[in-house]
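Heads up, data.tsv below (TSV, C-alpha atoms and all ligand atoms):
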```tsv
chain	number	residue	atom	x	y	z
S	27	MET	CA	30.33	-68.41	14.09
S	28	TRP	CA	29.39	-64.76	14.41
S	29	GLN	CA	28.62	-62.87	17.61
S	30	ALA	CA	27.17	-59.60	16.32
S	31	GLU	CA	26.85	-58.19	12.85
S	32	VAL	CA	25.53	-55.36	10.77
S	33	ARG	CA	24.19	-56.83	7.54
S	34	VAL	CA	23.83	-54.57	4.55
S	35	ASP	CA	21.69	-55.66	1.61
S	36	LEU	CA	23.24	-54.08	-1.46
S	37	ASP	CA	20.30	-55.21	-3.60
S	38	ALA	CA	18.08	-53.03	-1.42
S	39	ILE	CA	20.34	-50.06	-2.15
S	40	ARG	CA	20.16	-50.86	-5.88
S	41	GLU	CA	16.37	-51.11	-5.76
S	42	ASN	CA	16.06	-47.85	-3.86
S	43	VAL	CA	18.30	-46.02	-6.29
S	44	SER	CA	16.32	-47.40	-9.24
S	45	ARG	CA	13.10	-46.28	-7.61
S	46	LEU	CA	14.41	-42.76	-7.04
S	47	ARG	CA	15.87	-42.71	-10.54
S	48	SER	CA	12.51	-43.54	-12.07
S	49	GLY	CA	10.90	-40.63	-10.21
S	50	THR	CA	12.96	-37.89	-11.82
S	51	THR	CA	14.36	-36.77	-15.14
S	52	ALA	CA	17.27	-35.09	-13.35
S	53	GLU	CA	20.63	-36.75	-12.82
S	54	LEU	CA	21.05	-38.49	-9.48
S	55	MET	CA	23.82	-37.98	-6.93
S	56	ALA	CA	23.95	-40.77	-4.36
S	57	VAL	CA	25.14	-39.23	-1.10
S	58	VAL	CA	27.60	-41.59	0.58
S	59	LYS	CA	29.06	-39.34	3.28
S	60	GLY	CA	29.41	-40.60	6.85
S	61	ASP	CA	30.71	-43.95	5.59
S	62	GLY	CA	27.60	-44.33	3.48
S	63	TYR	CA	25.36	-43.46	6.45
S	64	GLY	CA	27.04	-46.36	8.24
S	65	HIS	CA	26.50	-48.84	5.40
S	66	GLY	CA	30.09	-48.66	4.12
S	67	MET	CA	30.99	-45.93	1.67
S	68	LEU	CA	32.58	-48.00	-1.08
S	69	PRO	CA	30.07	-50.87	-1.27
S	70	ALA	CA	27.19	-48.36	-1.06
S	71	ALA	CA	28.76	-46.19	-3.77
S	72	ARG	CA	29.31	-49.15	-6.10
S	73	ALA	CA	25.77	-50.45	-5.57
S	74	ALA	CA	24.33	-46.99	-6.24
S	75	LEU	CA	26.37	-46.63	-9.43
S	76	ASP	CA	25.29	-50.15	-10.55
S	77	ALA	CA	21.70	-48.98	-10.25
S	78	GLY	CA	22.16	-45.86	-12.32
S	79	ALA	CA	23.39	-43.14	-9.97
S	80	ASP	CA	25.31	-40.56	-12.02
S	81	TRP	CA	27.17	-38.82	-9.21
S	82	LEU	CA	28.45	-39.47	-5.70
S	83	GLY	CA	28.23	-36.86	-2.97
S	84	VAL	CA	30.51	-36.73	0.07
S	85	CYS	CA	31.50	-34.21	2.70
S	86	THR	CA	35.22	-34.47	3.18
S	87	LEU	CA	38.13	-34.36	0.78
S	88	ASP	CA	39.31	-37.61	2.35
S	89	GLU	CA	36.06	-39.33	1.47
S	90	ALA	CA	36.32	-38.11	-2.11
S	91	LEU	CA	39.92	-39.24	-2.47
S	92	THR	CA	39.04	-42.64	-0.99
S	93	LEU	CA	36.44	-43.07	-3.75
S	94	ARG	CA	39.01	-42.16	-6.39
S	95	ARG	CA	41.69	-44.44	-4.90
S	96	ALA	CA	39.17	-47.28	-5.09
S	97	GLY	CA	39.01	-46.71	-8.84
S	98	ILE	CA	35.63	-45.00	-8.93
S	99	THR	CA	35.57	-42.57	-11.85
S	100	ALA	CA	32.01	-41.20	-11.58
S	101	PRO	CA	31.65	-37.47	-10.84
S	102	VAL	CA	32.18	-36.78	-7.13
S	103	LEU	CA	31.29	-33.61	-5.24
S	104	ALA	CA	32.89	-32.81	-1.85
S	105	TRP	CA	31.27	-30.00	0.12
S	106	LEU	CA	32.74	-29.74	3.61
S	107	LEU	CA	36.20	-28.29	3.27
S	108	ALA	CA	37.98	-26.51	6.11
S	109	PRO	CA	40.80	-24.10	5.22
S	110	GLY	CA	44.27	-25.39	4.52
S	111	LEU	CA	43.45	-28.79	3.03
S	112	PRO	CA	45.47	-30.19	0.11
S	113	LEU	CA	42.70	-29.27	-2.31
S	114	HIS	CA	45.08	-29.65	-5.26
S	115	GLU	CA	44.92	-33.40	-4.62
S	116	GLY	CA	41.18	-33.23	-5.07
S	117	VAL	CA	41.49	-31.12	-8.20
S	118	GLY	CA	44.14	-33.50	-9.56
S	119	ALA	CA	41.83	-36.45	-8.88
S	120	GLY	CA	38.95	-34.77	-10.69
S	121	VAL	CA	36.89	-34.16	-7.57
S	122	ASP	CA	34.34	-31.34	-7.81
S	123	LEU	CA	34.53	-28.87	-4.94
S	124	ALA	CA	31.88	-26.71	-3.28
S	125	ALA	CA	32.71	-23.05	-2.70
S	126	ALA	CA	30.70	-20.66	-0.55
S	127	SER	CA	33.06	-17.74	0.13
S	128	LEU	CA	35.77	-15.65	-1.47
S	129	ALA	CA	38.32	-17.27	0.86
S	130	GLN	CA	37.31	-20.72	-0.33
S	131	LEU	CA	37.34	-19.60	-3.94
S	132	ASP	CA	40.89	-18.27	-3.46
S	133	GLU	CA	42.02	-21.59	-2.04
S	134	MET	CA	40.48	-23.38	-5.00
S	135	ILE	CA	42.18	-21.05	-7.46
S	136	GLU	CA	45.48	-21.78	-5.72
S	137	ALA	CA	44.73	-25.53	-5.83
S	138	SER	CA	44.03	-25.25	-9.57
S	139	ARG	CA	47.41	-23.60	-10.12
S	140	ARG	CA	49.15	-26.34	-8.17
S	141	ALA	CA	47.25	-29.10	-9.92
S	142	GLU	CA	47.75	-27.36	-13.28
S	143	ARG	CA	44.13	-27.82	-14.19
S	144	PRO	CA	41.01	-25.80	-13.43
S	145	ALA	CA	39.03	-26.85	-10.35
S	146	ARG	CA	35.41	-27.77	-11.10
S	147	LEU	CA	33.34	-25.71	-8.68
S	148	HIS	CA	29.80	-25.81	-7.38
S	149	LEU	CA	28.95	-22.42	-5.88
S	150	LYS	CA	26.66	-22.71	-2.89
S	151	ILE	CA	24.05	-20.16	-1.90
S	152	ASP	CA	22.48	-20.13	1.57
S	153	THR	CA	18.75	-20.01	0.90
S	154	GLY	CA	17.77	-20.20	4.55
S	155	LEU	CA	19.50	-23.04	6.39
S	156	SER	CA	22.18	-20.66	7.71
S	157	ARG	CA	24.76	-23.42	7.55
S	158	GLY	CA	26.89	-23.77	4.39
S	159	GLY	CA	26.55	-21.38	1.47
S	160	ALA	CA	27.04	-17.69	0.78
S	161	THR	CA	24.35	-15.36	2.07
S	162	VAL	CA	22.28	-13.64	-0.58
S	163	ALA	CA	24.13	-10.43	0.32
S	164	ASP	CA	27.52	-12.04	-0.35
S	165	TRP	CA	26.37	-13.96	-3.42
S	166	PRO	CA	27.01	-11.33	-6.15
S	167	ALA	CA	30.62	-10.79	-5.06
S	168	LEU	CA	31.27	-14.54	-5.04
S	169	LEU	CA	29.73	-14.86	-8.50
S	170	ASP	CA	31.78	-11.98	-9.90
S	171	ALA	CA	35.02	-13.35	-8.49
S	172	ALA	CA	34.21	-16.84	-9.77
S	173	ALA	CA	33.29	-15.49	-13.21
S	174	LYS	CA	36.60	-13.65	-13.37
S	175	ALA	CA	38.56	-16.75	-12.29
S	176	GLN	CA	36.71	-18.76	-14.90
S	177	ALA	CA	37.48	-16.19	-17.60
S	178	ASP	CA	41.14	-16.47	-16.59
S	179	GLY	CA	40.94	-20.23	-17.12
S	180	LEU	CA	41.60	-20.92	-13.43
S	181	VAL	CA	38.33	-22.58	-12.44
S	182	GLU	CA	35.26	-23.96	-14.10
S	183	VAL	CA	31.92	-23.18	-12.46
S	184	VAL	CA	29.90	-26.30	-13.21
S	185	GLY	CA	27.29	-26.13	-10.46
S	186	VAL	CA	25.12	-23.89	-8.34
S	187	TRP	CA	23.35	-25.33	-5.37
S	188	SER	CA	21.71	-25.03	-1.98
S	189	HIS	CA	20.20	-27.19	0.76
S	190	PHE	CA	16.74	-27.37	2.37
S	191	VAL	CA	15.74	-26.74	5.98
S	192	TYR	CA	12.34	-28.41	6.15
S	193	ALA	CA	11.95	-30.73	3.17
S	194	ASP	CA	11.08	-33.57	5.58
S	195	MET	CA	7.85	-31.71	6.40
S	196	PRO	CA	6.02	-31.63	3.07
S	197	GLY	CA	4.07	-28.43	2.65
S	198	HIS	CA	6.24	-26.40	5.03
S	199	PRO	CA	6.27	-22.78	3.78
S	200	THR	CA	10.04	-22.45	4.34
S	201	THR	CA	10.61	-24.83	1.41
S	202	ASP	CA	8.74	-22.53	-0.96
S	203	ARG	CA	10.63	-19.51	0.37
S	204	GLN	CA	13.95	-21.27	-0.15
S	205	LEU	CA	12.98	-22.27	-3.66
S	206	ALA	CA	12.15	-18.64	-4.44
S	207	VAL	CA	15.50	-17.47	-3.06
S	208	PHE	CA	17.24	-20.14	-5.14
S	209	HIS	CA	15.52	-18.85	-8.28
S	210	GLU	CA	16.68	-15.32	-7.43
S	211	GLY	CA	20.19	-16.65	-6.88
S	212	LEU	CA	20.07	-18.35	-10.28
S	213	ALA	CA	19.06	-15.10	-11.94
S	214	MET	CA	22.14	-13.45	-10.44
S	215	VAL	CA	24.27	-16.33	-11.72
S	216	GLU	CA	23.01	-15.55	-15.19
S	217	GLN	CA	23.68	-11.83	-14.73
S	218	ALA	CA	27.25	-12.66	-13.75
S	219	GLY	CA	27.62	-14.41	-17.08
S	220	LEU	CA	27.88	-17.89	-15.63
S	221	ARG	CA	26.05	-20.86	-17.18
S	222	PRO	CA	26.65	-23.80	-14.80
S	223	ARG	CA	25.42	-27.10	-16.16
S	224	TRP	CA	24.12	-28.47	-12.84
S	225	ARG	CA	21.67	-26.62	-10.59
S	226	HIS	CA	20.79	-28.73	-7.56
S	227	LEU	CA	18.77	-28.42	-4.40
S	228	ALA	CA	16.84	-31.59	-3.55
S	229	ASN	CA	17.77	-33.99	-0.73
S	230	SER	CA	15.87	-37.27	-0.24
S	231	ALA	CA	12.72	-35.61	1.03
S	232	ALA	CA	12.53	-33.13	-1.83
S	233	THR	CA	13.47	-35.84	-4.34
S	234	LEU	CA	10.46	-37.82	-3.12
S	235	THR	CA	7.96	-35.02	-2.61
S	236	ARG	CA	8.93	-31.93	-4.64
S	237	PRO	CA	9.65	-32.55	-8.34
S	238	ASP	CA	9.70	-28.78	-8.83
S	239	THR	CA	12.99	-28.71	-6.91
S	240	HIS	CA	14.82	-31.32	-8.96
S	241	PHE	CA	16.46	-28.97	-11.49
S	242	ASP	CA	19.40	-30.79	-13.15
S	243	LEU	CA	20.48	-33.05	-10.31
S	244	VAL	CA	19.00	-34.52	-7.11
S	245	ARG	CA	21.06	-35.45	-4.04
S	246	PRO	CA	19.32	-38.21	-2.05
S	247	GLY	CA	21.19	-39.82	0.82
S	248	LEU	CA	18.89	-41.40	3.39
S	249	ALA	CA	16.43	-42.76	0.83
S	250	ILE	CA	19.05	-44.77	-1.04
S	251	TYR	CA	19.57	-46.74	2.18
S	252	GLY	CA	15.84	-47.42	2.23
S	253	LEU	CA	14.88	-45.09	5.04
S	254	SER	CA	12.23	-42.44	4.76
S	255	PRO	CA	12.90	-38.82	5.64
S	256	VAL	CA	9.18	-38.24	6.16
S	257	ALA	CA	7.58	-39.72	9.29
S	258	GLY	CA	4.89	-42.28	8.52
S	259	GLU	CA	5.71	-42.67	4.80
S	260	THR	CA	7.88	-45.40	3.25
S	261	TYR	CA	7.64	-44.47	-0.47
S	262	GLY	CA	8.20	-48.16	-1.24
S	263	LEU	CA	11.81	-47.96	-0.08
S	264	ARG	CA	13.47	-50.97	1.52
S	265	PRO	CA	15.83	-50.51	4.48
S	266	ALA	CA	19.23	-52.01	3.67
S	267	MET	CA	20.68	-52.43	7.17
S	268	THR	CA	20.03	-55.10	9.80
S	269	ALA	CA	21.74	-55.09	13.21
S	270	ARG	CA	21.68	-58.28	15.23
S	271	ALA	CA	23.58	-60.33	17.77
S	272	ARG	CA	23.53	-63.82	19.25
S	273	VAL	CA	22.53	-64.23	22.87
S	274	MET	CA	25.66	-64.95	24.84
S	275	LEU	CA	24.13	-66.13	28.13
S	276	THR	CA	20.71	-67.00	29.50
S	277	LYS	CA	19.67	-67.52	33.09
S	278	ARG	CA	16.61	-67.92	35.29
S	279	VAL	CA	16.19	-65.32	38.06
S	280	PRO	CA	13.50	-64.77	40.72
S	281	ALA	CA	10.98	-61.94	40.85
S	282	GLY	CA	12.41	-58.73	42.26
S	283	THR	CA	15.85	-59.13	40.67
S	284	GLY	CA	17.56	-55.83	39.80
S	285	VAL	CA	19.07	-55.83	36.30
S	286	SER	CA	22.20	-54.07	34.98
S	287	TYR	CA	23.96	-50.97	36.32
S	288	GLY	CA	21.95	-48.91	38.75
S	289	HIS	CA	19.18	-51.55	38.86
S	290	THR	CA	16.91	-49.25	36.85
S	291	TYR	CA	14.89	-52.38	35.98
S	292	THR	CA	13.57	-55.02	38.36
S	293	THR	CA	11.90	-58.27	37.27
S	294	GLU	CA	8.23	-58.39	38.15
S	295	SER	CA	8.11	-62.18	38.27
S	296	ASP	CA	10.50	-65.08	37.85
S	297	ALA	CA	12.14	-64.53	34.50
S	298	ASN	CA	14.48	-65.82	31.83
S	299	LEU	CA	17.13	-63.19	31.18
S	300	ALA	CA	19.07	-63.07	27.93
S	301	VAL	CA	22.39	-61.20	27.74
S	302	VAL	CA	23.02	-59.68	24.31
S	303	PRO	CA	26.61	-58.74	23.40
S	304	LEU	CA	26.04	-55.29	21.93
S	305	GLY	CA	26.42	-51.99	23.73
S	306	TYR	CA	27.06	-48.33	23.26
S	307	ALA	CA	30.56	-49.04	21.93
S	308	ASP	CA	28.76	-50.79	19.08
S	309	GLY	CA	26.29	-48.05	18.37
S	310	VAL	CA	23.43	-48.95	20.71
S	311	PRO	CA	22.44	-45.59	22.19
S	312	ARG	CA	22.61	-45.55	26.00
S	313	HIS	CA	19.26	-43.77	25.77
S	314	ALA	CA	17.86	-47.13	24.71
S	315	SER	CA	18.07	-48.23	28.36
S	316	ASN	CA	14.59	-49.55	29.22
S	317	SER	CA	13.26	-48.45	25.83
S	318	GLY	CA	15.13	-50.01	22.87
S	319	PRO	CA	13.04	-52.58	20.97
S	320	VAL	CA	14.58	-55.98	20.15
S	321	GLN	CA	13.10	-59.04	18.47
S	322	LEU	CA	14.07	-62.35	20.06
S	323	GLY	CA	12.31	-65.68	19.55
S	324	GLY	CA	9.77	-64.04	17.27
S	325	VAL	CA	8.68	-61.66	20.02
S	326	ARG	CA	9.32	-57.96	20.29
S	327	ARG	CA	10.87	-57.09	23.64
S	328	THR	CA	12.31	-54.03	25.32
S	329	ILE	CA	15.82	-53.68	26.69
S	330	SER	CA	15.72	-54.25	30.46
S	331	GLY	CA	17.82	-51.82	32.48
S	332	ARG	CA	20.83	-49.86	31.32
S	333	VAL	CA	22.64	-50.38	28.06
S	334	CYS	CA	26.30	-51.03	28.96
S	335	MET	CA	29.35	-50.39	26.82
S	336	ASP	CA	29.32	-53.90	25.39
S	337	GLN	CA	26.06	-55.59	26.33
S	338	PHE	CA	22.47	-55.31	27.44
S	339	VAL	CA	19.88	-57.61	29.00
S	340	LEU	CA	16.41	-58.68	27.90
S	341	ASP	CA	13.75	-59.93	30.32
S	342	CYS	CA	12.06	-62.71	28.36
S	343	GLY	CA	9.60	-63.71	31.09
S	344	ASP	CA	8.76	-67.41	30.80
S	345	ASP	CA	9.57	-67.60	27.09
S	346	PRO	CA	12.17	-70.19	26.24
S	347	VAL	CA	15.45	-68.58	25.18
S	348	ALA	CA	18.77	-70.27	24.59
S	349	ASP	CA	22.37	-69.24	24.28
S	350	GLY	CA	23.08	-68.45	20.64
S	351	ASP	CA	19.54	-67.34	19.75
S	352	VAL	CA	19.51	-64.37	17.41
S	353	ALA	CA	18.37	-61.00	18.78
S	354	THR	CA	17.52	-58.52	16.04
S	355	LEU	CA	17.71	-54.87	17.01
S	356	PHE	CA	16.46	-53.55	13.71
S	357	GLY	CA	16.07	-54.51	10.08
S	358	SER	CA	13.72	-53.95	7.19
S	359	GLY	CA	10.73	-54.91	9.32
S	360	ALA	CA	9.72	-57.62	6.84
S	361	ASP	CA	9.87	-60.32	9.55
S	362	GLY	CA	8.26	-58.25	12.24
S	363	GLU	CA	11.54	-56.98	13.63
S	364	PRO	CA	11.88	-53.36	14.74
S	365	THR	CA	13.13	-50.82	12.21
S	366	ALA	CA	15.63	-47.99	12.50
S	367	ASP	CA	12.55	-45.74	12.69
S	368	ASP	CA	11.33	-47.65	15.76
S	369	TRP	CA	14.74	-47.16	17.35
S	370	ALA	CA	14.79	-43.49	16.50
S	371	GLU	CA	11.40	-43.07	18.10
S	372	ALA	CA	12.39	-45.10	21.19
S	373	VAL	CA	15.50	-43.05	21.88
S	374	GLY	CA	14.41	-39.62	20.68
S	375	THR	CA	16.54	-39.25	17.57
S	376	ILE	CA	16.24	-39.72	13.79
S	377	ASN	CA	16.76	-42.83	11.67
S	378	TYR	CA	19.83	-41.18	10.08
S	379	GLU	CA	21.65	-41.29	13.42
S	380	ILE	CA	20.69	-44.87	14.23
S	381	VAL	CA	22.16	-46.43	11.07
S	382	THR	CA	25.17	-44.12	11.07
S	383	ARG	CA	26.04	-45.11	14.65
S	384	PHE	CA	25.84	-48.84	14.01
S	385	GLY	CA	28.00	-48.74	10.94
S	386	SER	CA	31.05	-47.14	12.42
S	387	THR	CA	31.97	-49.45	15.25
S	388	ARG	CA	33.70	-52.74	15.95
S	389	VAL	CA	30.71	-54.77	14.72
S	390	PRO	CA	31.64	-56.48	11.47
S	391	ARG	CA	29.65	-55.35	8.45
S	392	VAL	CA	28.54	-58.20	6.26
S	393	TYR	CA	27.24	-57.63	2.74
S	394	ASP	CA	24.49	-59.40	0.85
S	395	GLY	CA	24.16	-58.94	-2.87
S	396	GLU	CA	27.81	-58.16	-3.50
S	397	ARG	CA	28.95	-58.27	-7.13
S	398	SER	CA	32.51	-58.53	-8.33
S	399	PRO	CA	33.64	-55.05	-9.39
A	1	LIG	C1	23.49	-35.09	3.64
A	1	LIG	C2	23.17	-34.19	2.54
A	1	LIG	C3	22.27	-34.58	1.53
A	1	LIG	C4	21.45	-35.83	1.60
A	1	LIG	O1	20.43	-35.62	2.55
A	1	LIG	P1	19.31	-36.73	2.82
A	1	LIG	O2	18.34	-36.07	3.70
A	1	LIG	O3	20.03	-37.85	3.51
A	1	LIG	O4	18.78	-37.13	1.51
A	1	LIG	C5	22.11	-33.73	0.44
A	1	LIG	N1	22.77	-32.56	0.38
A	1	LIG	C6	23.61	-32.15	1.36
A	1	LIG	C7	24.30	-30.84	1.25
A	1	LIG	C8	23.84	-32.94	2.47
A	1	LIG	O5	24.66	-32.53	3.44
```

Re-express the file's structure as structure tokens.
Ligand SMILES: *Cc1c(COP(=O)(O)O)cnc(C)c1O
Amino acid sequence: MWQAEVRVDLDAIRENVSRLRSGTTAELMAVVKGDGYGHGMLPAARAALDAGADWLGVCTLDEALTLRRAGITAPVLAWLLAPGLPLHEGVGAGVDLAAASLAQLDEMIEASRRAERPARLHLKIDTGLSRGGATVADWPALLDAAAKAQADGLVEVVGVWSHFVYADMPGHPTTDRQLAVFHEGLAMVEQAGLRPRWRHLANSAATLTRPDTHFDLVRPGLAIYGLSPVAGETYGLRPAMTARARVMLTKRVPAGTGVSYGHTYTTESDANLAVVPLGYADGVPRHASNSGPVQLGGVRRTISGRVCMDQFVLDCGDDPVADGDVATLFGSGADGEPTADDWAEAVGTINYEIVTRFGSTRVPRVYDGERSP
């Protein structure tokens, strides 16, 4: 018998990837960083590849090597690489690397020497996010150095790319400005004599709303898990994750009973309380105290009082509740349960953070729709 679980519907991931695939003529990179946004990197990656994803995108070298060790041979790009990593292991495993500075390029050249094969590089230009990527001012020098290293047979520049600031707000003028900067950056790439096969820019939001940003490859993450990057739109995606737990204890208490640490909630009338064995150690944000929505007995309720490390309490009024009843925190919404979007709204964050939190805890992840590899 289970106590709490995060269920992941791999068929939903397959459907979402197919849907995204059918909306573009570009290749598709399924982004599986952050343990597949909490859904489990390897199962998510395999489901995405089943459904026609061409590439996998991750942040860390470790994530990329884990994919390779699991026998996944699809192209993989890793883009968050601090200095001093054993990049030659990535090069040796055929992992594509993102470079945004001369220092990074130098490390990748060194890694190519050690691996005795040229690193496949994706040069990143900062078109406005001011996070990863070379500034436009630094771009020509990076291109020249990369072109020289390529001419020397040390690296292969296969990609040029950037990342959006505001794609989740369709129509935001920053997106157009970034696209224009990207086009300028591409012209400089050409001037440097480089002809990378993959130009890529679009995250989920741009994949769904801006076909003019698809170029040769799109990089959706959130949408493959069935969540929408744009508030109020679903794009026909189906959320893959459900988080639920079985009530561990019920009791009847009188009106005026203080509930949980600090008594931030007091029962208004006599009430049935249900204790649910999930807390902030499991991914439930403590900010969900007195605000997190939970479906129990077919009714949507709100967490009563503080979320504890391992548990929280629901005031169920006079509704019958029993030990072992299933409390659903969020799911696809198909049965009236809250969604990750509802949770994000209740606690003041984004759906990305909700699913990522729940996936990386002690709660067992259970898969539906698994296929033998
Ligand atoms: C996370 C990430 C993505 C995917 O973003 P979504 O909004 O989840 O689609 C794409 N590109 C980069 C560089 C990222 O870091």

For a cut-off of 10 Å around (27.7, -56.8, 24.8), file coordinates, pick out all residues using only C-alpha atoms and list them as a PDB file with C-alpha atoms, keeping the file's coordinate frame.
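Listing of selection_33.pdb after writing:
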```
ATOM      1  CA  GLN S  29      28.620 -62.870  17.610  1.00  0.00           C
ATOM      2  CA  ALA S  30      27.170 -59.600  16.320  1.00  0.00           C
ATOM      3  CA  ALA S 271      23.580 -60.330  17.770  1.00  0.00           C
ATOM      4  CA  ARG S 272      23.530 -63.820  19.250  1.00  0.00           C
ATOM      5  CA  VAL S 273      22.530 -64.230  22.870  1.00  0.00           C
ATOM      6  CA  MET S 274      25.660 -64.950  24.840  1.00  0.00           C
ATOM      7  CA  VAL S 301      22.390 -61.200  27.740  1.00  0.00           C
ATOM      8  CA  VAL S 302      23.020 -59.680  24.310  1.00  0.00           C
ATOM      9  CA  PRO S 303      26.610 -58.740  23.400  1.00  0.00           C
ATOM     10  CA  LEU S 304      26.040 -55.290  21.930  1.00  0.00           C
ATOM     11  CA  GLY S 305      26.420 -51.990  23.730  1.00  0.00           C
ATOM     12  CA  TYR S 306      27.060 -48.330  23.260  1.00  0.00           C
ATOM     13  CA  ALA S 307      30.560 -49.040  21.930  1.00  0.00           C
ATOM     14  CA  ASP S 308      28.760 -50.790  19.080  1.00  0.00           C
ATOM     15  CA  VAL S 310      23.430 -48.950  20.710  1.00  0.00           C
ATOM     16  CA  VAL S 333      22.640 -50.380  28.060  1.00  0.00           C
ATOM     17  CA  CYS S 334      26.300 -51.030  28.960  1.00  0.00           C
ATOM     18  CA  MET S 335      29.350 -50.390  26.820  1.00  0.00           C
ATOM     19  CA  ASP S 336      29.320 -53.900  25.390  1.00  0.00           C
ATOM     20  CA  GLN S 337      26.060 -55.590  26.330  1.00  0.00           C
ATOM     21  CA  PHE S 338      22.470 -55.310  27.440  1.00  0.00           C
ATOM     22  CA  VAL S 339      19.880 -57.610  29.000  1.00  0.00           C
TER      23      VAL S 339
END
```

Given only C-alpha atoms and all ligand atoms, how would the per-residue table for chain S near ligand LIG 1 (chain A) read, listing every residue at most 6 Å away with its closest atom pair and distance in Å to one decimal, sorted by chain and number, as a Markdown table?
```
| residue | atom | partner | partner_atom | distance |
| --- | --- | --- | --- | --- |
| S:Val57 | CA | A:LIG1 | C4 | 5.7 |
| S:His189 | CA | A:LIG1 | C7 | 5.5 |
| S:Asn229 | CA | A:LIG1 | O4 | 4.0 |
| S:Ser230 | CA | A:LIG1 | O4 | 3.4 |
| S:Arg245 | CA | A:LIG1 | C5 | 4.9 |
| S:Pro246 | CA | A:LIG1 | O4 | 3.8 |
| S:Gly247 | CA | A:LIG1 | O3 | 3.5 |
| S:Leu248 | CA | A:LIG1 | O3 | 3.7 |
```

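The coordinates place CA of Ala269 (chain S) at 26.4 Å from CA of Thr292 (chain S).
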
Inset, instruction - Identify, on the basis of only C-alpha atoms, every residue whose closest approach to His226 (chain S) does not exceed 10 Å; exclude the query and any residue fewer than 4 positions from it along the same chain; express the result as a VMD selection string. - result: chain S and resid 52 to 55 148 150 185 to 189 208 239 to 245

Output C-alpha atoms of each residue in that selection to a file, as an mmCIF file, in the frame of the given file.
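part_37.cif, written as the output of this step:
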```cif
data_model
loop_
_atom_site.group_PDB
_atom_site.id
_atom_site.type_symbol
_atom_site.label_atom_id
_atom_site.label_comp_id
_atom_site.auth_asym_id
_atom_site.auth_seq_id
_atom_site.Cartn_x
_atom_site.Cartn_y
_atom_site.Cartn_z
ATOM 1 C CA ALA S 52 17.270 -35.090 -13.350
ATOM 2 C CA GLU S 53 20.630 -36.750 -12.820
ATOM 3 C CA LEU S 54 21.050 -38.490 -9.480
ATOM 4 C CA MET S 55 23.820 -37.980 -6.930
ATOM 5 C CA HIS S 148 29.800 -25.810 -7.380
ATOM 6 C CA LYS S 150 26.660 -22.710 -2.890
ATOM 7 C CA GLY S 185 27.290 -26.130 -10.460
ATOM 8 C CA VAL S 186 25.120 -23.890 -8.340
ATOM 9 C CA TRP S 187 23.350 -25.330 -5.370
ATOM 10 C CA SER S 188 21.710 -25.030 -1.980
ATOM 11 C CA HIS S 189 20.200 -27.190 0.760
ATOM 12 C CA PHE S 208 17.240 -20.140 -5.140
ATOM 13 C CA THR S 239 12.990 -28.710 -6.910
ATOM 14 C CA HIS S 240 14.820 -31.320 -8.960
ATOM 15 C CA PHE S 241 16.460 -28.970 -11.490
ATOM 16 C CA ASP S 242 19.400 -30.790 -13.150
ATOM 17 C CA LEU S 243 20.480 -33.050 -10.310
ATOM 18 C CA VAL S 244 19.000 -34.520 -7.110
ATOM 19 C CA ARG S 245 21.060 -35.450 -4.040
#
```

Inset, instruction - Can you work out which one of S:Thr235, S:Ser156, S:Thr387, S:Ser138 has the shortest atom-to-atom distance to His114 (chain S), counting all atoms listed in the file? - result: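 So, comparing all the options, the nearest one is S:Ser138.
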
Inset, instruction - Compare S:Ile329, S:Gly252, S:Val117, S:Glu294 by their minimum atom-to-atom distance to Gly359 (chain S), counting all atoms listed in the file, and give me the closest one. - result: S:Gly252

Inset, instruction - Rank nothing, just name the residue among S:Arg95, S:Lys277, S:Arg332, S:Arg327 nearest to Ser315 (chain S), using only C-alpha atoms. - result: S:Arg332

Legend entry - Polymer residues at most 12 Å from Ala90 (chain S), all atoms listed in the file, same-chain spacing of 4 or more positions, as a ChimeraX atom specification: /S:57-61,67-68,71,81-86,94-107,113,115-123

Legend entry - Best match for closeness to Pro196 (chain S) among S:Ala108, S:Leu220, S:Ala257, S:Leu75, counting all atoms listed in the file: S:Ala257

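With CA of Val320 (chain S) on one side and CA of Pro69 (chain S) on the other, the separation reads 26.9 Å.
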
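CA of Ala160 (chain S) is found 17.6 Å from CA of Ile135 (chain S).
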
Inset, instruction - Pick out the residues sitting within 9 Å of Gly309 (chain S), and hand them over as a ChimeraX atom specification; count all atoms listed in the file, and ignore anything fewer than 5 positions along from it in its own chain. - result: /S:304,380-387,389

Inset, instruction - For Val32 (chain S), list every protein, DNA or RNA residue within 7 Å, evaluated using all atoms listed in the file, and leave out those in the same chain fewer than 5 positions away; present the list as a PyMOL selection string. - result: chain S and resi 267-270+389-392

For the selection just defined, write its residues with C-alpha atoms to a file, as a PDB file, in the coordinates of the input.
```pdb
ATOM      1  CA  MET S 267      20.680 -52.430   7.170  1.00  0.00           C
ATOM      2  CA  THR S 268      20.030 -55.100   9.800  1.00  0.00           C
ATOM      3  CA  ALA S 269      21.740 -55.090  13.210  1.00  0.00           C
ATOM      4  CA  ARG S 270      21.680 -58.280  15.230  1.00  0.00           C
ATOM      5  CA  VAL S 389      30.710 -54.770  14.720  1.00  0.00           C
ATOM      6  CA  PRO S 390      31.640 -56.480  11.470  1.00  0.00           C
ATOM      7  CA  ARG S 391      29.650 -55.350   8.450  1.00  0.00           C
ATOM      8  CA  VAL S 392      28.540 -58.200   6.260  1.00  0.00           C
TER       9      VAL S 392
END
```

Inset, instruction - Skip Leu36 (chain S) itself and residues of its chain fewer than 5 positions away, then list as number ranges by chain all residues within 9 Å of it, counting only C-alpha atoms. - result: S: 41, 69-70, 73-74, 251, 266, 393-396
